Amino acid sequence: METVSASVNILGRTYKLRVASEDEEALRKAANTIDTQAKSYGKQYAYNDHQDLLAMVALTQITQLTKIQDSLRFKDTDLAQRLQSIDSVLEQILHPTDTQNSL
């Protein structure tokens with residue numbers, strides 16, 4: 001895994017990081033999202049320092065991530081149940097005597 005040096009700017013502060021080359025674009029997009037959202041919150045709300053804005057961004061982003069994870073977990077469970085149902089139907093079609101004998 002090749003790493004590259006990347007610099008990102010959030011609220012006027014530069015952060016230098018080493019990341020996997022394939023993650024550099026995602027890092028830059030994430031930094032841009034954080035910077036844009038923090039500046040937006042700065043215009044909307046009173047704050048003492050940039051840490052307040054960054055905390056608000058973190059809460060917003062993690063809330064969205066949690067919702068997505070919960071939704072995916074539900075969809076995975078639903079998908080597993082549907083696949084089991086399909087498997088059961090296919091078993092009955094492919095092996096009709098096996099399923100009748102087990103009843």
# chains A, B, ... in the order shown; residues from 1 in each chain; ligands from 1
$ residues_around --residues "region 40-43 of chain A" --least-positions-apart "6" --cutoff "10 Å" --atoms "only C-alpha atoms" --output "PyMOL selection string"
chain A and resi 34+49-50+52-54+56-57
$ residues_around --residues "region 61-76 of chain A" --least-positions-apart "5" --cutoff "12 Å" --atoms "only C-alpha atoms" --output "list in words"
Ala30, Thr33, Ile34, Gln37, Ala38, Leu54, Ala55, Met56, Gln81, Arg82 and Leu83 of chain A
$ select_by_dssp --residues "chain A" --states "helix (DSSP H, G or I)" --output "number ranges by chain"
A: 21-44, 50-94, 96-101
$ write_last_selection --atoms "C-alpha atoms" --output "PDB file, in the first residue's frame"
ATOM      1  CA  SER A  21      -2.915   6.921  -2.108  1.00  0.00           C
ATOM      2  CA  GLU A  22      -6.356   5.470  -2.859  1.00  0.00           C
ATOM      3  CA  ASP A  23      -7.803   7.358   0.156  1.00  0.00           C
ATOM      4  CA  GLU A  24      -6.448  10.797  -0.739  1.00  0.00           C
ATOM      5  CA  GLU A  25      -9.465  11.943  -2.759  1.00  0.00           C
ATOM      6  CA  ALA A  26     -11.898  10.806  -0.050  1.00  0.00           C
ATOM      7  CA  LEU A  27      -9.792  12.628   2.570  1.00  0.00           C
ATOM      8  CA  ARG A  28      -9.917  15.855   0.588  1.00  0.00           C
ATOM      9  CA  LYS A  29     -13.682  15.552   0.092  1.00  0.00           C
ATOM     10  CA  ALA A  30     -14.161  14.896   3.814  1.00  0.00           C
ATOM     11  CA  ALA A  31     -12.026  17.897   4.762  1.00  0.00           C
ATOM     12  CA  ASN A  32     -13.961  20.094   2.331  1.00  0.00           C
ATOM     13  CA  THR A  33     -17.277  18.877   3.776  1.00  0.00           C
ATOM     14  CA  ILE A  34     -16.106  19.592   7.324  1.00  0.00           C
ATOM     15  CA  ASP A  35     -14.820  23.044   6.386  1.00  0.00           C
ATOM     16  CA  THR A  36     -17.972  24.004   4.466  1.00  0.00           C
ATOM     17  CA  GLN A  37     -20.335  22.729   7.137  1.00  0.00           C
ATOM     18  CA  ALA A  38     -18.370  24.360   9.977  1.00  0.00           C
ATOM     19  CA  LYS A  39     -18.399  27.722   8.171  1.00  0.00           C
ATOM     20  CA  SER A  40     -22.140  27.359   7.611  1.00  0.00           C
ATOM     21  CA  TYR A  41     -22.711  26.677  11.310  1.00  0.00           C
ATOM     22  CA  GLY A  42     -20.515  29.668  12.130  1.00  0.00           C
ATOM     23  CA  LYS A  43     -22.882  31.900  10.176  1.00  0.00           C
ATOM     24  CA  GLN A  44     -25.995  30.415  11.803  1.00  0.00           C
ATOM     25  CA  HIS A  50     -13.777  26.719  16.191  1.00  0.00           C
ATOM     26  CA  GLN A  51     -13.900  23.689  18.456  1.00  0.00           C
ATOM     27  CA  ASP A  52     -17.610  24.379  18.988  1.00  0.00           C
ATOM     28  CA  LEU A  53     -18.193  24.384  15.228  1.00  0.00           C
ATOM     29  CA  LEU A  54     -16.166  21.208  14.728  1.00  0.00           C
ATOM     30  CA  ALA A  55     -18.118  19.466  17.496  1.00  0.00           C
ATOM     31  CA  MET A  56     -21.374  20.411  15.772  1.00  0.00           C
ATOM     32  CA  VAL A  57     -20.068  19.047  12.459  1.00  0.00           C
ATOM     33  CA  ALA A  58     -18.943  15.828  14.154  1.00  0.00           C
ATOM     34  CA  LEU A  59     -22.347  15.346  15.780  1.00  0.00           C
ATOM     35  CA  THR A  60     -24.165  15.962  12.507  1.00  0.00           C
ATOM     36  CA  GLN A  61     -21.943  13.626  10.489  1.00  0.00           C
ATOM     37  CA  ILE A  62     -21.942  10.815  13.062  1.00  0.00           C
ATOM     38  CA  THR A  63     -25.729  11.077  13.412  1.00  0.00           C
ATOM     39  CA  GLN A  64     -26.073  10.639   9.643  1.00  0.00           C
ATOM     40  CA  LEU A  65     -23.583   7.741   9.670  1.00  0.00           C
ATOM     41  CA  THR A  66     -25.466   6.029  12.501  1.00  0.00           C
ATOM     42  CA  LYS A  67     -28.752   6.320  10.593  1.00  0.00           C
ATOM     43  CA  ILE A  68     -27.147   4.831   7.487  1.00  0.00           C
ATOM     44  CA  GLN A  69     -25.618   1.954   9.464  1.00  0.00           C
ATOM     45  CA  ASP A  70     -28.952   1.200  11.145  1.00  0.00           C
ATOM     46  CA  SER A  71     -30.697   1.236   7.775  1.00  0.00           C
ATOM     47  CA  LEU A  72     -28.096  -1.098   6.264  1.00  0.00           C
ATOM     48  CA  ARG A  73     -28.369  -3.474   9.226  1.00  0.00           C
ATOM     49  CA  PHE A  74     -32.143  -3.610   8.755  1.00  0.00           C
ATOM     50  CA  LYS A  75     -31.769  -4.163   5.023  1.00  0.00           C
ATOM     51  CA  ASP A  76     -29.204  -6.928   5.616  1.00  0.00           C
ATOM     52  CA  THR A  77     -31.573  -8.686   8.017  1.00  0.00           C
ATOM     53  CA  ASP A  78     -34.502  -8.278   5.631  1.00  0.00           C
ATOM     54  CA  LEU A  79     -32.402  -9.547   2.730  1.00  0.00           C
ATOM     55  CA  ALA A  80     -31.264 -12.607   4.708  1.00  0.00           C
ATOM     56  CA  GLN A  81     -34.876 -13.460   5.556  1.00  0.00           C
ATOM     57  CA  ARG A  82     -35.957 -13.100   1.928  1.00  0.00           C
ATOM     58  CA  LEU A  83     -33.068 -15.242   0.730  1.00  0.00           C
ATOM     59  CA  GLN A  84     -33.999 -17.948   3.254  1.00  0.00           C
ATOM     60  CA  SER A  85     -37.567 -17.860   1.961  1.00  0.00           C
ATOM     61  CA  ILE A  86     -36.396 -18.133  -1.652  1.00  0.00           C
ATOM     62  CA  ASP A  87     -34.052 -20.972  -0.682  1.00  0.00           C
ATOM     63  CA  SER A  88     -36.935 -22.798   0.967  1.00  0.00           C
ATOM     64  CA  VAL A  89     -39.120 -22.450  -2.134  1.00  0.00           C
ATOM     65  CA  LEU A  90     -36.286 -23.620  -4.374  1.00  0.00           C
ATOM     66  CA  GLU A  91     -35.678 -26.636  -2.132  1.00  0.00           C
ATOM     67  CA  GLN A  92     -39.364 -27.578  -2.433  1.00  0.00           C
ATOM     68  CA  ILE A  93     -39.199 -27.264  -6.215  1.00  0.00           C
ATOM     69  CA  LEU A  94     -35.899 -29.103  -6.652  1.00  0.00           C
ATOM     70  CA  PRO A  96     -40.307 -32.197  -3.690  1.00  0.00           C
ATOM     71  CA  THR A  97     -40.142 -35.708  -2.244  1.00  0.00           C
ATOM     72  CA  ASP A  98     -37.537 -34.762   0.397  1.00  0.00           C
ATOM     73  CA  THR A  99     -39.712 -31.992   1.804  1.00  0.00           C
ATOM     74  CA  GLN A 100     -42.873 -34.149   1.758  1.00  0.00           C
ATOM     75  CA  ASN A 101     -41.132 -37.037   3.542  1.00  0.00           C
TER      76      ASN A 101
END
$ decode --residues "region 23-44 of chain A" --atoms "C-alpha atoms" --output "compact mmCIF listing (two decimals), in the first residue's frame"
# COMPACT_ATOMS: atom_id res chain seq x y z
CA ASP A 23 -7.80 7.36 0.16
CA GLU A 24 -6.45 10.80 -0.74
CA GLU A 25 -9.47 11.94 -2.76
CA ALA A 26 -11.90 10.81 -0.05
CA LEU A 27 -9.79 12.63 2.57
CA ARG A 28 -9.92 15.85 0.59
CA LYS A 29 -13.68 15.55 0.09
CA ALA A 30 -14.16 14.90 3.81
CA ALA A 31 -12.03 17.90 4.76
CA ASN A 32 -13.96 20.09 2.33
CA THR A 33 -17.28 18.88 3.78
CA ILE A 34 -16.11 19.59 7.32
CA ASP A 35 -14.82 23.04 6.39
CA THR A 36 -17.97 24.00 4.47
CA GLN A 37 -20.33 22.73 7.14
CA ALA A 38 -18.37 24.36 9.98
CA LYS A 39 -18.40 27.72 8.17
CA SER A 40 -22.14 27.36 7.61
CA TYR A 41 -22.71 26.68 11.31
CA GLY A 42 -20.52 29.67 12.13
CA LYS A 43 -22.88 31.90 10.18
CA GLN A 44 -25.99 30.41 11.80
